[in-house]
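Engineer: So I've got this file, query30.cif, and it contains mmCIF, C-alpha atoms:
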```cif
data_start
#
loop_
_atom_site.label_atom_id
_atom_site.label_comp_id
_atom_site.auth_asym_id
_atom_site.auth_seq_id
_atom_site.Cartn_x
_atom_site.Cartn_y
_atom_site.Cartn_z
CA MET A 1 24.90 -17.81 -22.07
CA ASP A 2 23.00 -20.97 -23.02
CA GLU A 3 20.70 -20.20 -25.99
CA SER A 4 17.99 -22.36 -24.41
CA ILE A 5 17.59 -19.93 -21.51
CA GLY A 6 15.19 -17.68 -23.39
CA ALA A 7 12.81 -20.56 -24.05
CA SER A 8 13.09 -21.93 -20.52
CA LEU A 9 12.37 -18.71 -18.65
CA PRO A 10 9.09 -18.82 -16.70
CA ASP A 11 5.97 -17.91 -18.66
CA ARG A 12 3.17 -18.20 -16.17
CA GLN A 13 0.76 -16.51 -13.86
CA TYR A 14 2.04 -15.93 -10.34
CA ARG A 15 -1.44 -16.60 -8.87
CA ILE A 16 -1.21 -13.49 -6.75
CA ASN A 17 -4.72 -12.15 -7.24
CA GLU A 18 -6.85 -14.61 -5.31
CA GLU A 19 -4.53 -14.90 -2.31
CA ILE A 20 -4.08 -11.16 -1.84
CA ARG A 21 -7.78 -10.41 -2.22
CA ARG A 22 -8.56 -13.06 0.37
CA ILE A 23 -6.17 -11.85 3.07
CA PHE A 24 -7.05 -8.17 2.48
CA ASN A 25 -10.78 -8.96 2.47
CA HIS A 26 -11.28 -7.57 -1.05
CA GLY A 27 -14.23 -8.72 -3.10
CA ALA A 28 -14.20 -10.47 -6.48
CA ARG A 29 -12.73 -8.44 -9.33
CA GLU A 30 -14.40 -8.20 -12.74
CA ASP A 31 -12.41 -5.37 -14.37
CA LEU A 32 -9.48 -7.13 -16.03
CA GLU A 33 -9.10 -5.04 -19.18
CA ILE A 34 -6.36 -2.57 -20.00
CA GLY A 35 -6.71 1.08 -21.03
CA GLY A 36 -8.95 3.97 -20.05
CA HIS A 37 -10.73 3.57 -16.75
CA PRO A 38 -14.13 1.96 -16.09
CA ASP A 39 -15.38 5.04 -14.23
CA PHE A 40 -14.82 7.22 -17.30
CA ASP A 41 -15.12 4.97 -20.38
CA HIS A 42 -18.51 6.56 -21.11
CA LEU A 43 -16.66 9.75 -22.09
CA ALA A 44 -15.72 8.10 -25.39
CA GLU A 45 -19.34 8.42 -26.51
CA SER A 46 -20.19 11.78 -24.99
CA ARG A 47 -16.86 13.42 -25.98
CA SER A 48 -17.19 15.37 -22.73
CA HIS A 49 -14.84 15.81 -19.78
CA GLU A 50 -15.18 15.04 -16.10
CA TYR A 51 -13.17 15.83 -13.01
CA GLY A 52 -12.35 13.00 -10.63
CA TYR A 53 -9.56 12.05 -8.26
CA VAL A 54 -6.90 9.50 -9.10
CA VAL A 55 -4.06 7.70 -7.39
CA SER A 56 -1.40 6.91 -9.98
CA LEU A 57 1.17 4.14 -9.70
CA PHE A 58 4.02 4.07 -12.22
CA MET A 59 6.45 1.15 -12.29
CA ASP A 60 9.38 0.37 -14.54
CA VAL A 61 12.12 -2.25 -14.72
CA ALA A 62 15.37 -0.86 -13.31
CA GLY A 63 18.43 -1.66 -15.41
CA SER A 64 16.42 -2.76 -18.43
CA THR A 65 18.56 -0.84 -20.95
CA LYS A 66 21.65 -2.79 -19.92
CA LEU A 67 19.73 -6.03 -20.43
CA GLY A 68 19.52 -5.24 -24.14
CA ILE A 69 23.30 -5.09 -24.31
CA THR A 70 23.88 -8.26 -22.30
CA TYR A 71 21.20 -10.58 -23.69
CA PRO A 72 19.47 -11.24 -27.02
CA PRO A 73 15.94 -9.86 -27.53
CA ASP A 74 14.07 -13.09 -26.70
CA ILE A 75 15.66 -13.28 -23.25
CA VAL A 76 15.14 -9.55 -22.60
CA PHE A 77 11.50 -9.95 -23.60
CA ASN A 78 11.00 -12.84 -21.17
CA ILE A 79 12.67 -10.99 -18.30
CA LYS A 80 10.57 -7.86 -18.79
CA ASN A 81 7.38 -9.78 -19.43
CA ASN A 82 7.65 -11.80 -16.24
CA ILE A 83 8.08 -8.64 -14.18
CA ILE A 84 5.23 -6.89 -16.00
CA ARG A 85 2.95 -9.90 -15.55
CA CYS A 86 3.72 -9.92 -11.85
CA ALA A 87 2.91 -6.19 -11.73
CA ILE A 88 -0.40 -6.67 -13.54
CA GLU A 89 -1.51 -9.42 -11.18
CA THR A 90 -0.54 -7.44 -8.09
CA ILE A 91 -2.24 -4.25 -9.32
CA GLN A 92 -5.47 -6.11 -10.05
CA ALA A 93 -5.33 -7.92 -6.71
CA PHE A 94 -5.38 -4.57 -4.91
CA GLY A 95 -8.24 -3.17 -6.97
CA GLY A 96 -6.10 -1.10 -9.35
CA HIS A 97 -6.73 -0.63 -13.05
CA VAL A 98 -3.88 -1.20 -15.52
CA HIS A 99 -4.09 1.84 -17.75
CA ARG A 100 -1.08 1.43 -20.00
CA ILE A 101 1.98 -0.77 -20.65
CA MET A 102 4.89 1.15 -22.14
CA GLY A 103 7.79 -1.13 -22.99
CA ASP A 104 9.19 -2.04 -19.59
CA ALA A 105 6.82 0.24 -17.64
CA VAL A 106 3.26 -0.02 -16.31
CA LEU A 107 0.91 2.83 -15.41
CA ALA A 108 -2.01 1.95 -13.13
CA PHE A 109 -4.83 4.00 -11.64
CA PHE A 110 -6.38 3.36 -8.24
CA ARG A 111 -9.86 4.78 -7.81
CA ASN A 112 -13.44 3.59 -7.77
CA GLU A 113 -16.76 5.36 -7.39
CA ASN A 114 -17.50 3.21 -4.36
CA THR A 115 -14.05 3.51 -2.75
CA GLU A 116 -12.92 6.22 -0.35
CA ILE A 117 -9.93 8.26 -1.53
CA ALA A 118 -7.86 7.15 1.46
CA ASP A 119 -8.57 3.49 0.67
CA SER A 120 -7.41 4.03 -2.93
CA CYS A 121 -4.17 5.50 -1.56
CA ILE A 122 -3.78 2.58 0.85
CA ASN A 123 -4.45 0.03 -1.90
CA SER A 124 -1.81 1.66 -4.09
CA LEU A 125 0.77 1.75 -1.30
CA ASN A 126 0.08 -1.86 -0.31
CA CYS A 127 0.25 -2.88 -3.96
CA GLY A 128 3.63 -1.24 -4.50
CA THR A 129 5.02 -2.76 -1.31
CA TYR A 130 3.86 -6.26 -2.17
CA LEU A 131 5.00 -5.87 -5.77
CA ILE A 132 8.57 -5.15 -4.67
CA LYS A 133 8.47 -8.15 -2.35
CA PHE A 134 7.10 -10.42 -5.10
CA VAL A 135 9.76 -9.30 -7.57
CA GLU A 136 12.52 -9.83 -5.00
CA GLU A 137 11.29 -13.19 -3.71
CA LEU A 138 9.45 -14.77 -6.66
CA VAL A 139 10.53 -13.30 -9.99
CA ILE A 140 14.24 -12.61 -9.51
CA PRO A 141 15.09 -15.99 -7.91
CA GLU A 142 13.25 -17.74 -10.75
CA LEU A 143 15.21 -15.78 -13.35
CA GLN A 144 18.47 -16.53 -11.54
CA ARG A 145 17.70 -20.25 -11.51
CA LYS A 146 17.36 -20.01 -15.28
CA GLY A 147 20.75 -18.36 -15.67
CA VAL A 148 19.89 -14.63 -15.68
CA ASN A 149 22.36 -13.06 -13.29
CA GLU A 150 21.89 -9.36 -13.99
CA ASP A 151 20.97 -7.07 -11.11
CA VAL A 152 17.35 -6.59 -12.18
CA GLY A 153 14.74 -4.81 -10.08
CA ILE A 154 11.91 -2.30 -10.24
CA ARG A 155 11.25 1.31 -9.26
CA VAL A 156 7.82 2.58 -8.25
CA GLY A 157 6.41 6.11 -8.11
CA MET A 158 2.95 7.10 -6.92
CA ASP A 159 0.95 10.20 -6.12
CA TYR A 160 -2.59 11.36 -5.38
CA GLY A 161 -4.41 13.95 -7.46
CA PRO A 162 -7.55 15.56 -5.94
CA SER A 163 -10.73 15.70 -8.02
CA GLU A 164 -10.57 19.40 -8.84
CA GLN A 165 -7.10 18.95 -10.36
CA VAL A 166 -7.64 15.80 -12.44
CA LEU A 167 -9.52 16.05 -15.75
CA TRP A 168 -10.64 12.86 -17.53
CA GLY A 169 -11.39 12.85 -21.24
CA MET A 170 -10.72 11.25 -24.60
CA TYR A 171 -7.55 12.12 -26.49
CA GLY A 172 -7.41 11.61 -30.24
CA TYR A 173 -10.16 10.60 -32.67
CA ARG A 174 -12.71 7.82 -32.53
CA ASN A 175 -10.97 4.44 -32.98
CA VAL A 176 -7.60 6.18 -32.55
CA SER A 177 -8.09 7.42 -29.03
CA GLU A 178 -7.55 6.91 -25.34
CA ILE A 179 -9.53 7.84 -22.23
CA THR A 180 -7.01 9.12 -19.73
CA ALA A 181 -6.41 11.58 -16.91
CA THR A 182 -4.79 14.98 -17.39
CA SER A 183 -3.10 16.16 -14.22
CA TYR A 184 0.19 17.36 -12.81
CA TYR A 185 -0.12 14.52 -10.28
CA VAL A 186 -0.33 11.83 -12.96
CA ASP A 187 2.72 13.25 -14.73
CA ILE A 188 4.63 13.52 -11.47
CA ALA A 189 4.20 9.81 -10.72
CA ALA A 190 6.52 9.02 -13.64
CA LYS A 191 9.12 11.49 -12.33
CA LEU A 192 8.84 9.98 -8.85
CA GLN A 193 9.42 6.53 -10.31
CA HIS A 194 12.48 7.76 -12.19
CA SER A 195 13.88 9.21 -8.96
CA ALA A 196 13.19 6.13 -6.81
CA PRO A 197 16.07 3.89 -5.75
CA LYS A 198 15.92 0.33 -7.07
CA ASN A 199 13.24 -1.78 -5.40
CA LYS A 200 11.87 1.25 -3.58
CA ILE A 201 8.71 3.37 -3.73
CA MET A 202 8.86 7.15 -4.12
CA ILE A 203 5.69 8.97 -3.09
CA GLY A 204 4.67 12.55 -3.76
CA GLN A 205 3.82 15.28 -1.29
CA SER A 206 0.08 15.11 -1.99
CA PHE A 207 -0.01 11.37 -1.30
CA LYS A 208 2.05 11.70 1.87
CA GLU A 209 -0.14 14.47 3.23
CA HIS A 210 -3.44 12.75 2.47
CA LEU A 211 -2.51 9.74 4.63
CA ASP A 212 -0.29 11.79 6.97
CA LEU A 213 2.46 9.19 6.79
CA HIS A 214 4.99 9.65 9.58
CA ASP A 215 8.78 9.78 9.62
CA ASP A 216 9.11 6.25 10.97
CA LEU A 217 8.06 4.96 7.54
CA ILE A 218 9.34 7.56 5.05
CA TYR A 219 12.61 9.38 4.53
CA ILE A 220 14.30 11.91 2.26
CA LYS A 221 16.57 10.47 -0.42
CA THR A 222 20.18 11.68 -0.33
CA GLU A 223 22.74 12.04 -3.12
CA GLY A 224 26.49 11.48 -3.20
CA SER A 225 29.04 10.78 -0.51
CA ASP A 226 28.09 14.03 1.22
CA LYS A 227 24.48 12.74 1.50
CA ILE A 228 22.94 15.93 0.16
CA PRO A 229 19.15 15.82 0.69
CA ASP A 230 17.20 15.37 -2.56
CA LYS A 231 13.93 16.87 -1.30
CA TYR A 232 12.11 18.06 -4.39
CA VAL A 233 10.85 16.70 -7.70
CA THR A 234 13.06 17.86 -10.56
CA PRO A 235 12.89 19.91 -12.66
CA ASN A 236 11.71 22.21 -9.90
CA TYR A 237 9.28 24.17 -12.06
CA LYS A 238 8.24 27.74 -11.35
CA ARG A 239 4.69 28.89 -10.73
CA PRO A 240 3.18 31.85 -12.61
CA ASP A 241 4.33 34.12 -9.78
CA ASP A 242 7.94 32.97 -10.41
CA SER A 243 8.16 31.02 -7.13
CA LYS A 244 9.49 27.46 -7.25
CA MET A 245 7.10 24.54 -6.81
CA ASN A 246 9.32 22.83 -4.22
CA TYR A 247 7.12 19.75 -4.56
CA LYS A 248 8.39 17.25 -2.01
CA LYS A 249 9.12 13.57 -2.57
CA PHE A 250 9.67 10.80 -0.04
CA VAL A 251 11.04 7.25 -0.11
CA LEU A 252 8.92 4.65 1.63
CA ASN A 253 10.76 2.34 4.00
CA SER A 254 9.07 -0.58 2.27
CA ASP A 255 10.73 -3.28 4.41
CA LYS A 256 9.43 -1.71 7.60
CA TYR A 257 6.00 -1.04 6.08
CA TYR A 258 5.78 -4.62 4.77
CA GLU A 259 6.13 -5.90 8.34
CA LEU A 260 2.79 -4.22 9.12
CA LEU A 261 0.91 -5.85 6.25
CA PRO A 262 -1.06 -9.09 6.48
CA SER A 263 0.36 -12.10 4.70
CA PRO A 264 -0.55 -15.78 4.27
CA SER A 265 1.64 -16.54 7.30
CA GLU A 266 -0.72 -14.32 9.34
CA GLU A 267 -3.05 -17.29 9.69
CA GLU A 268 -0.25 -19.50 11.00
CA GLY A 269 0.83 -17.22 13.83
CA ASN A 270 -0.23 -17.77 17.41
CA LEU A 271 -1.53 -14.25 17.95
CA LYS A 272 -4.05 -12.99 15.38
CA ILE A 273 -5.46 -9.46 15.35
CA GLN A 274 -8.36 -7.98 13.41
CA ALA A 275 -10.19 -4.67 13.63
CA THR A 276 -13.79 -3.70 12.98
CA PRO A 277 -15.21 -0.19 12.41
CA LYS A 278 -17.70 0.29 15.23
CA LYS A 279 -19.32 2.93 17.37
CA GLU A 280 -18.84 2.56 21.09
CA ASN A 281 -21.43 0.39 22.86
CA THR A 282 -23.08 -0.79 19.65
CA ALA A 283 -23.54 -4.22 18.10
CA VAL A 284 -20.52 -5.79 16.45
CA GLU A 285 -20.17 -4.99 12.76
CA ALA A 286 -19.88 -7.83 10.24
CA GLN A 287 -16.78 -6.39 8.53
CA HIS A 288 -13.33 -7.10 9.88
CA PHE A 289 -9.96 -6.00 8.55
CA TYR A 290 -6.31 -6.88 8.93
CA SER A 291 -3.49 -4.42 9.58
CA CYS A 292 -3.23 -1.46 7.16
CA ALA A 293 -5.97 -2.90 4.93
CA ARG A 294 -8.30 0.13 4.97
CA ALA A 295 -8.97 3.50 6.59
CA PHE A 296 -11.20 4.07 9.58
CA LYS A 297 -13.25 7.25 9.89
CA LYS A 298 -12.13 9.93 12.30
CA ASP A 299 -14.79 11.17 14.67
CA PRO A 300 -15.20 14.73 13.28
CA ASN A 301 -16.32 16.33 16.54
CA GLY A 302 -15.41 13.84 19.23
CA LEU A 303 -19.06 13.25 20.04
CA SER A 304 -20.08 10.57 17.55
CA ARG A 305 -18.05 7.88 19.32
CA LEU A 306 -16.68 6.55 16.07
CA GLY A 307 -13.93 4.03 16.58
CA ALA A 308 -12.55 0.57 16.03
CA GLU A 309 -12.91 -2.65 17.95
CA PHE A 310 -9.73 -4.73 18.06
CA LYS A 311 -10.03 -8.48 18.41
CA ALA A 312 -7.15 -10.68 19.47
CA THR A 313 -7.22 -14.48 19.36
CA PHE A 314 -4.52 -16.87 20.49
CA ARG A 315 -3.96 -20.42 21.68
CA LEU A 316 -2.25 -21.24 24.98
CA PRO A 317 -2.61 -24.07 27.52
CA ALA A 318 -5.77 -23.54 29.58
CA MET A 319 -4.04 -24.90 32.68
CA SER A 320 -1.63 -21.96 32.62
CA GLY A 321 -4.39 -19.36 32.41
CA PRO A 322 -6.20 -17.12 32.90
CA TYR A 323 -4.52 -14.54 30.68
CA ARG A 324 -4.61 -10.77 30.26
CA VAL A 325 -4.14 -8.97 26.94
CA LYS A 326 -2.38 -5.63 26.75
CA PHE A 327 -3.58 -3.18 24.08
CA ARG A 328 -0.98 -0.43 23.70
CA VAL A 329 -1.78 2.60 21.52
CA GLU A 330 1.00 4.40 19.65
CA ASN A 331 -0.29 7.47 17.78
CA HIS A 332 1.44 9.48 15.06
CA GLY A 333 0.73 12.51 12.91
CA GLU A 334 -0.16 16.20 13.17
CA ASP A 335 -3.56 15.68 14.85
CA ALA A 336 -2.06 13.77 17.75
CA ALA A 337 0.87 16.20 18.06
CA LEU A 338 -1.45 19.21 18.26
CA ASP A 339 -3.76 17.59 20.80
CA ASP A 340 -1.05 16.15 23.03
CA PRO A 341 2.46 17.44 22.15
CA ASP A 342 4.15 15.49 24.93
CA ASN A 343 2.61 12.04 24.57
CA PHE A 344 0.50 12.05 21.36
CA GLY A 345 -2.39 10.53 23.31
CA ASN A 346 -0.50 7.25 23.74
CA HIS A 347 -1.81 4.88 26.39
CA GLU A 348 -2.31 1.21 27.22
CA VAL A 349 -4.95 -0.96 28.85
CA PHE A 350 -5.28 -4.59 29.94
CA GLU A 351 -8.35 -6.72 29.17
CA ASP A 352 -9.33 -10.22 30.31
CA ALA A 353 -9.05 -12.99 27.71
CA LYS A 354 -11.88 -15.52 27.56
CA ILE A 355 -11.53 -19.13 26.49
CA ARG A 356 -13.84 -20.39 23.75
CA ASN A 357 -15.26 -23.83 23.07
CA ASP A 358 -12.56 -24.63 20.52
CA GLY A 359 -9.82 -24.00 23.09
CA THR A 360 -8.69 -20.64 21.69
CA TYR A 361 -8.64 -17.45 23.72
CA PHE A 362 -10.42 -14.29 22.62
CA CYS A 363 -10.16 -10.68 23.77
CA SER A 364 -11.52 -7.42 22.40
CA HIS A 365 -10.97 -3.74 23.07
CA TRP A 366 -12.61 -0.61 21.62
CA GLU A 367 -10.71 2.60 20.85
CA HIS A 368 -11.88 6.02 19.73
CA THR A 369 -10.50 7.06 16.28
CA SER A 370 -9.48 10.54 17.36
CA TYR A 371 -6.57 11.44 15.09
CA VAL A 372 -5.84 11.38 11.37
CA GLY A 373 -2.76 9.37 10.44
CA LEU A 374 -1.27 5.89 10.55
CA HIS A 375 -1.26 4.67 14.14
CA TYR A 376 -0.36 1.39 15.83
CA MET A 377 -2.27 -0.88 18.15
CA ILE A 378 0.39 -3.06 19.78
CA VAL A 379 -0.94 -6.25 21.35
CA SER A 380 0.69 -8.71 23.74
CA VAL A 381 -0.46 -11.49 26.10
CA TRP A 382 0.41 -11.58 29.81
CA ASP A 383 -0.24 -13.73 32.86
CA LYS A 384 -3.10 -12.79 35.16
CA GLU A 385 -0.83 -10.73 37.44
CA GLU A 386 0.43 -8.72 34.43
CA LYS A 387 4.04 -9.47 35.41
CA ASN A 388 5.16 -11.98 32.79
CA LYS A 389 4.76 -11.56 29.05
CA ILE A 390 3.59 -14.83 27.49
CA ILE A 391 3.29 -13.73 23.84
CA GLY A 392 5.43 -10.84 22.61
CA GLU A 393 4.13 -7.63 21.10
CA LYS A 394 2.52 -7.64 17.68
CA LYS A 395 2.01 -4.35 15.82
CA PHE A 396 -1.25 -3.62 13.99
CA GLY A 397 -1.44 -0.61 11.63
CA VAL A 398 -4.55 1.58 11.80
CA TYR A 399 -5.20 4.29 9.20
CA VAL A 400 -7.59 7.03 10.29
CA THR A 401 -8.81 9.70 7.85
#
```
Please express the file's structure as structure tokens.
Structural biologist:
Amino acid sequence: MDESIGASLPDRQYRINEEIRRIFNHGAREDLEIGGHPDFDHLAESRSHEYGYVVSLFMDVAGSTKLGITYPPDIVFNIKNNIIRCAIETIQAFGGHVHRIMGDAVLAFFRNENTEIADSCINSLNCGTYLIKFVEELVIPELQRKGVNEDVGIRVGMDYGPSEQVLWGMYGYRNVSEITATSYYVDIAAKLQHSAPKNKIMIGQSFKEHLDLHDDLIYIKTEGSDKIPDKYVTPNYKRPDDSKMNYKKFVLNSDKYYELLPSPSEEEGNLKIQATPKKENTAVEAQHFYSCARAFKKDPNGLSRLGAEFKATFRLPAMSGPYRVKFRVENHGEDAALDDPDNFGNHEVFEDAKIRNDGTYFCSHWEHTSYVGLHYMIVSVWDKEEKNKIIGEKKFGVYVT
């Protein structure tokens, strides 16, 4: 190993924050400090406690112990620091708060007084997914170009703790203290991380159930050549009544989920889709969101006509038009299964596309947000007779909570 490698390893920002916040329509971020949490820092003065939900993300560098055997400390430091810096930037880009850095690990909290719980979960999941992609496609190739050939990666664990089961307060004494969250769900995030395969996300049962993530995107980890299901967090502690917790854990299919997420290339594609929260037959809302960027409200009684308006834009030769746009709904989750066991309420509809002054085509379609879960609006462009597909299907993820 060339001794100059340690000095030549990248020592820079990855400039993730601004780009991610732009494509996910997140506002400017002012909270860039580490430790505690801005929602609860006032507890240092009052010495009191407060309950409040939290979504915890725990990341560590997989294979870091072996690095210390293979390389001298300066190279190990640079390897870990580049991954940790990438993690910090990605966490902040998705609105998370870096709570603690522990050697080769980072603990972050996702929550905000002005953010819905589901959106905190979504931000955490999107953060973890992008973080894995950044490490695989930015950090690792850069390290390899500098001569680091070890099989380095990360593991991510995350879970959601409801307000009544998360206590915030100050540990220690004044000036030797920390504002932090006390909860089974915070502790379990570290165990989920430890159990995650390399470059994968392991989520807890509470997190999975809050978003009602479906089996197309999550799976049970297996162990050994016999592929024995590893369903539960270990140790599998017992409750006071002597029954086992049997707290479930799930691996996210992060490659498949990443395909749903917006990216800078989104703006280069021919077919662009956005969604806006909107009641039926009302004026268009100013906000618009890309796939899987936030949660839409479920209509609680089916009478409020809550929903989402989907907007598709594309560019095709006007001489070949007019065009029709197919909006195909693919629902998932317990709500849809209970309401329509055979078809989950799935359906499709065609709408006319209209040409605009700039030569692009535009088409919109409103849908009722009837079911909790992660659903898909699948959009394609057809000729006017609806016989020939001109632009293939594009899948748009819609969270409803």
Engineer: Could you check how far CA of Arg111 (chain A) sits from CA of Arg21 (chain A), in Å to one decimal?
Structural biologist: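 So the two atoms, CA of Arg111 (chain A) and CA of Arg21 (chain A), lie 16.3 Å apart.
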Engineer: Give as a count of residues only the residues that the PyMOL selection byres ((chain A and resi 38) around 10) matches when applied to the coordinates above.
Structural biologist: 15
Engineer: Any chance you could work out the residue set of the PyMOL selection byres ((chain A and resi 203-213) around 9) here, as a PyMOL selection string?
Structural biologist: chain A and resi 55+117-118+121-122+125+156-162+185+188-189+192-193+196+201-202+214-218+233+247-252+332-334+372-374+399-401
Engineer: Output the selection as a CSV table (one decimal), in the frame of the given file - C-alpha atoms for each residue.
Structural biologist:
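Now in part_8.csv:
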```csv
chain,number,residue,atom,x,y,z
A,55,VAL,CA,-4.1,7.7,-7.4
A,117,ILE,CA,-9.9,8.3,-1.5
A,118,ALA,CA,-7.9,7.2,1.5
A,121,CYS,CA,-4.2,5.5,-1.6
A,122,ILE,CA,-3.8,2.6,0.8
A,125,LEU,CA,0.8,1.8,-1.3
A,156,VAL,CA,7.8,2.6,-8.2
A,157,GLY,CA,6.4,6.1,-8.1
A,158,MET,CA,3.0,7.1,-6.9
A,159,ASP,CA,1.0,10.2,-6.1
A,160,TYR,CA,-2.6,11.4,-5.4
A,161,GLY,CA,-4.4,14.0,-7.5
A,162,PRO,CA,-7.6,15.6,-5.9
A,185,TYR,CA,-0.1,14.5,-10.3
A,188,ILE,CA,4.6,13.5,-11.5
A,189,ALA,CA,4.2,9.8,-10.7
A,192,LEU,CA,8.8,10.0,-8.8
A,193,GLN,CA,9.4,6.5,-10.3
A,196,ALA,CA,13.2,6.1,-6.8
A,201,ILE,CA,8.7,3.4,-3.7
A,202,MET,CA,8.9,7.2,-4.1
A,214,HIS,CA,5.0,9.6,9.6
A,215,ASP,CA,8.8,9.8,9.6
A,216,ASP,CA,9.1,6.2,11.0
A,217,LEU,CA,8.1,5.0,7.5
A,218,ILE,CA,9.3,7.6,5.0
A,233,VAL,CA,10.8,16.7,-7.7
A,247,TYR,CA,7.1,19.8,-4.6
A,248,LYS,CA,8.4,17.2,-2.0
A,249,LYS,CA,9.1,13.6,-2.6
A,250,PHE,CA,9.7,10.8,0.0
A,251,VAL,CA,11.0,7.2,-0.1
A,252,LEU,CA,8.9,4.6,1.6
A,332,HIS,CA,1.4,9.5,15.1
A,333,GLY,CA,0.7,12.5,12.9
A,334,GLU,CA,-0.2,16.2,13.2
A,372,VAL,CA,-5.8,11.4,11.4
A,373,GLY,CA,-2.8,9.4,10.4
A,374,LEU,CA,-1.3,5.9,10.6
A,399,TYR,CA,-5.2,4.3,9.2
A,400,VAL,CA,-7.6,7.0,10.3
A,401,THR,CA,-8.8,9.7,7.8
```
Engineer: Could you list the residues chosen by the PyMOL selection byres ((chain A and resi 254) around 9) in this structure as a list in words?
Structural biologist: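 So the PyMOL selection byres ((chain A and resi 254) around 9) ends up selecting Gly128, Thr129, Tyr130, Ile132, Lys133, Asn199, Lys200, Ile201, Leu217, Ile218, Val251, Leu252, Asn253, Asp255, Lys256, Tyr257, Tyr258 and Glu259 of chain A.
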Engineer: Using only C-alpha atoms, which of the listed residues (A:Ser56, A:Ser195, A:Ser291, A:Thr115) sits closest to Ile154 (chain A)?
Structural biologist: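 Under the stated criterion, the closest residue is A:Ser195.
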Engineer: With a distance cut-off of 8 Å and only C-alpha atoms, select the neighbouring residues of Tyr323 (chain A), excluding the residue or stretch itself and same-chain residues fewer than 4 positions from it, and output the selection as a list in words.
Structural biologist: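 Here the qualifying residues turn out to be Asp352, Ala353, Val381, Trp382, Asp383 and Lys384 of chain A.
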Engineer: With C-alpha atoms retained, write the just-selected residues as a PDB file, keeping the file's coordinate frame.
Structural biologist:
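What ended up in selection-v4.pdb:
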```pdb
ATOM      1  CA  ASP A 352      -9.330 -10.220  30.310  1.00  0.00           C
ATOM      2  CA  ALA A 353      -9.050 -12.990  27.710  1.00  0.00           C
ATOM      3  CA  VAL A 381      -0.460 -11.490  26.100  1.00  0.00           C
ATOM      4  CA  TRP A 382       0.410 -11.580  29.810  1.00  0.00           C
ATOM      5  CA  ASP A 383      -0.240 -13.730  32.860  1.00  0.00           C
ATOM      6  CA  LYS A 384      -3.100 -12.790  35.160  1.00  0.00           C
TER       7      LYS A 384
END
```
Engineer: Can you tell me how far CA of Ala275 (chain A) sits from CA of Val135 (chain A), in Å to one decimal?
Structural biologist: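 We find that CA of Ala275 (chain A) and CA of Val135 (chain A) lie 29.5 Å from each other.
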Engineer: Between CA of Ala295 (chain A) and CA of Asp119 (chain A), what is the distance, to one decimal in Å?
Structural biologist: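 Between CA of Ala295 (chain A) and CA of Asp119 (chain A) the gap works out to 5.9 Å.
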Engineer: Report as a ChimeraX atom specification all protein, DNA and RNA residues lying within 12 Å of Arg174 (chain A), evaluated on all atoms listed in the file, omitting residues in the same chain fewer than 2 positions from it.
Structural biologist: /A:43-47,170-172,176-179
Engineer: Of the candidates A:Leu306, A:Leu32, A:Val54, A:Ile378, which one gets nearest to Asp187 (chain A) if we count only C-alpha atoms?
Structural biologist: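 Answer, going by the shortest atom-to-atom distance: A:Val54.
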Engineer: Mind checking which residues fall within 10 Å of Val76 (chain A), counting all atoms listed in the file, ignoring those fewer than 2 positions away in the same chain, and posting them as a list in words?
Structural biologist: Gly6, Ser64, Thr65, Lys66, Leu67, Gly68, Ile69, Thr70, Tyr71, Pro72, Pro73, Asp74, Asn78, Ile79, Lys80, Asn81 and Val148 of chain A
Engineer: Can you work out which one of A:Gly321, A:Gly397, A:Gly103, A:Gly392 has the shortest atom-to-atom distance to Thr360 (chain A), counting all atoms listed in the file?
Structural biologist: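 Checking each candidate against Thr360 (chain A), we get A:Gly321 as the closest.
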Engineer: So, with all atoms listed in the file as the atoms that count, which of A:Lys272, A:His49, A:Arg145, A:His375 lies closest to Gly345 (chain A)?
Structural biologist: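 Of A:Lys272, A:His49, A:Arg145, A:His375, the one nearest Gly345 (chain A), counting all atoms listed in the file, is A:His375.
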Engineer: Ranking A:Ile355, A:Val325, A:Val166, A:Cys86 by minimum distance to Asn17 (chain A) and counting all atoms listed in the file, which one comes first?
Structural biologist: A:Cys86
Engineer: At the level of C-alpha atoms, write region 210-225 of chain A to a file as a PDB file, in the first residue's frame, please.
Structural biologist:
```
ATOM      1  CA  HIS A 210     -47.154   2.893  10.347  1.00  0.00           C
ATOM      2  CA  LEU A 211     -46.576   3.191   6.585  1.00  0.00           C
ATOM      3  CA  ASP A 212     -48.167  -0.198   5.819  1.00  0.00           C
ATOM      4  CA  LEU A 213     -45.297  -1.128   3.529  1.00  0.00           C
ATOM      5  CA  HIS A 214     -46.195  -4.072   1.305  1.00  0.00           C
ATOM      6  CA  ASP A 215     -44.404  -7.307   0.464  1.00  0.00           C
ATOM      7  CA  ASP A 216     -43.289  -6.071  -2.942  1.00  0.00           C
ATOM      8  CA  LEU A 217     -40.778  -3.809  -1.182  1.00  0.00           C
ATOM      9  CA  ILE A 218     -39.820  -5.674   2.011  1.00  0.00           C
ATOM     10  CA  TYR A 219     -38.799  -9.223   2.832  1.00  0.00           C
ATOM     11  CA  ILE A 220     -37.736 -11.435   5.721  1.00  0.00           C
ATOM     12  CA  LYS A 221     -34.007 -12.033   6.074  1.00  0.00           C
ATOM     13  CA  THR A 222     -32.907 -15.676   5.980  1.00  0.00           C
ATOM     14  CA  GLU A 223     -29.915 -17.407   7.563  1.00  0.00           C
ATOM     15  CA  GLY A 224     -27.697 -20.235   6.344  1.00  0.00           C
ATOM     16  CA  SER A 225     -27.901 -22.575   3.391  1.00  0.00           C
TER      17      SER A 225
END
```
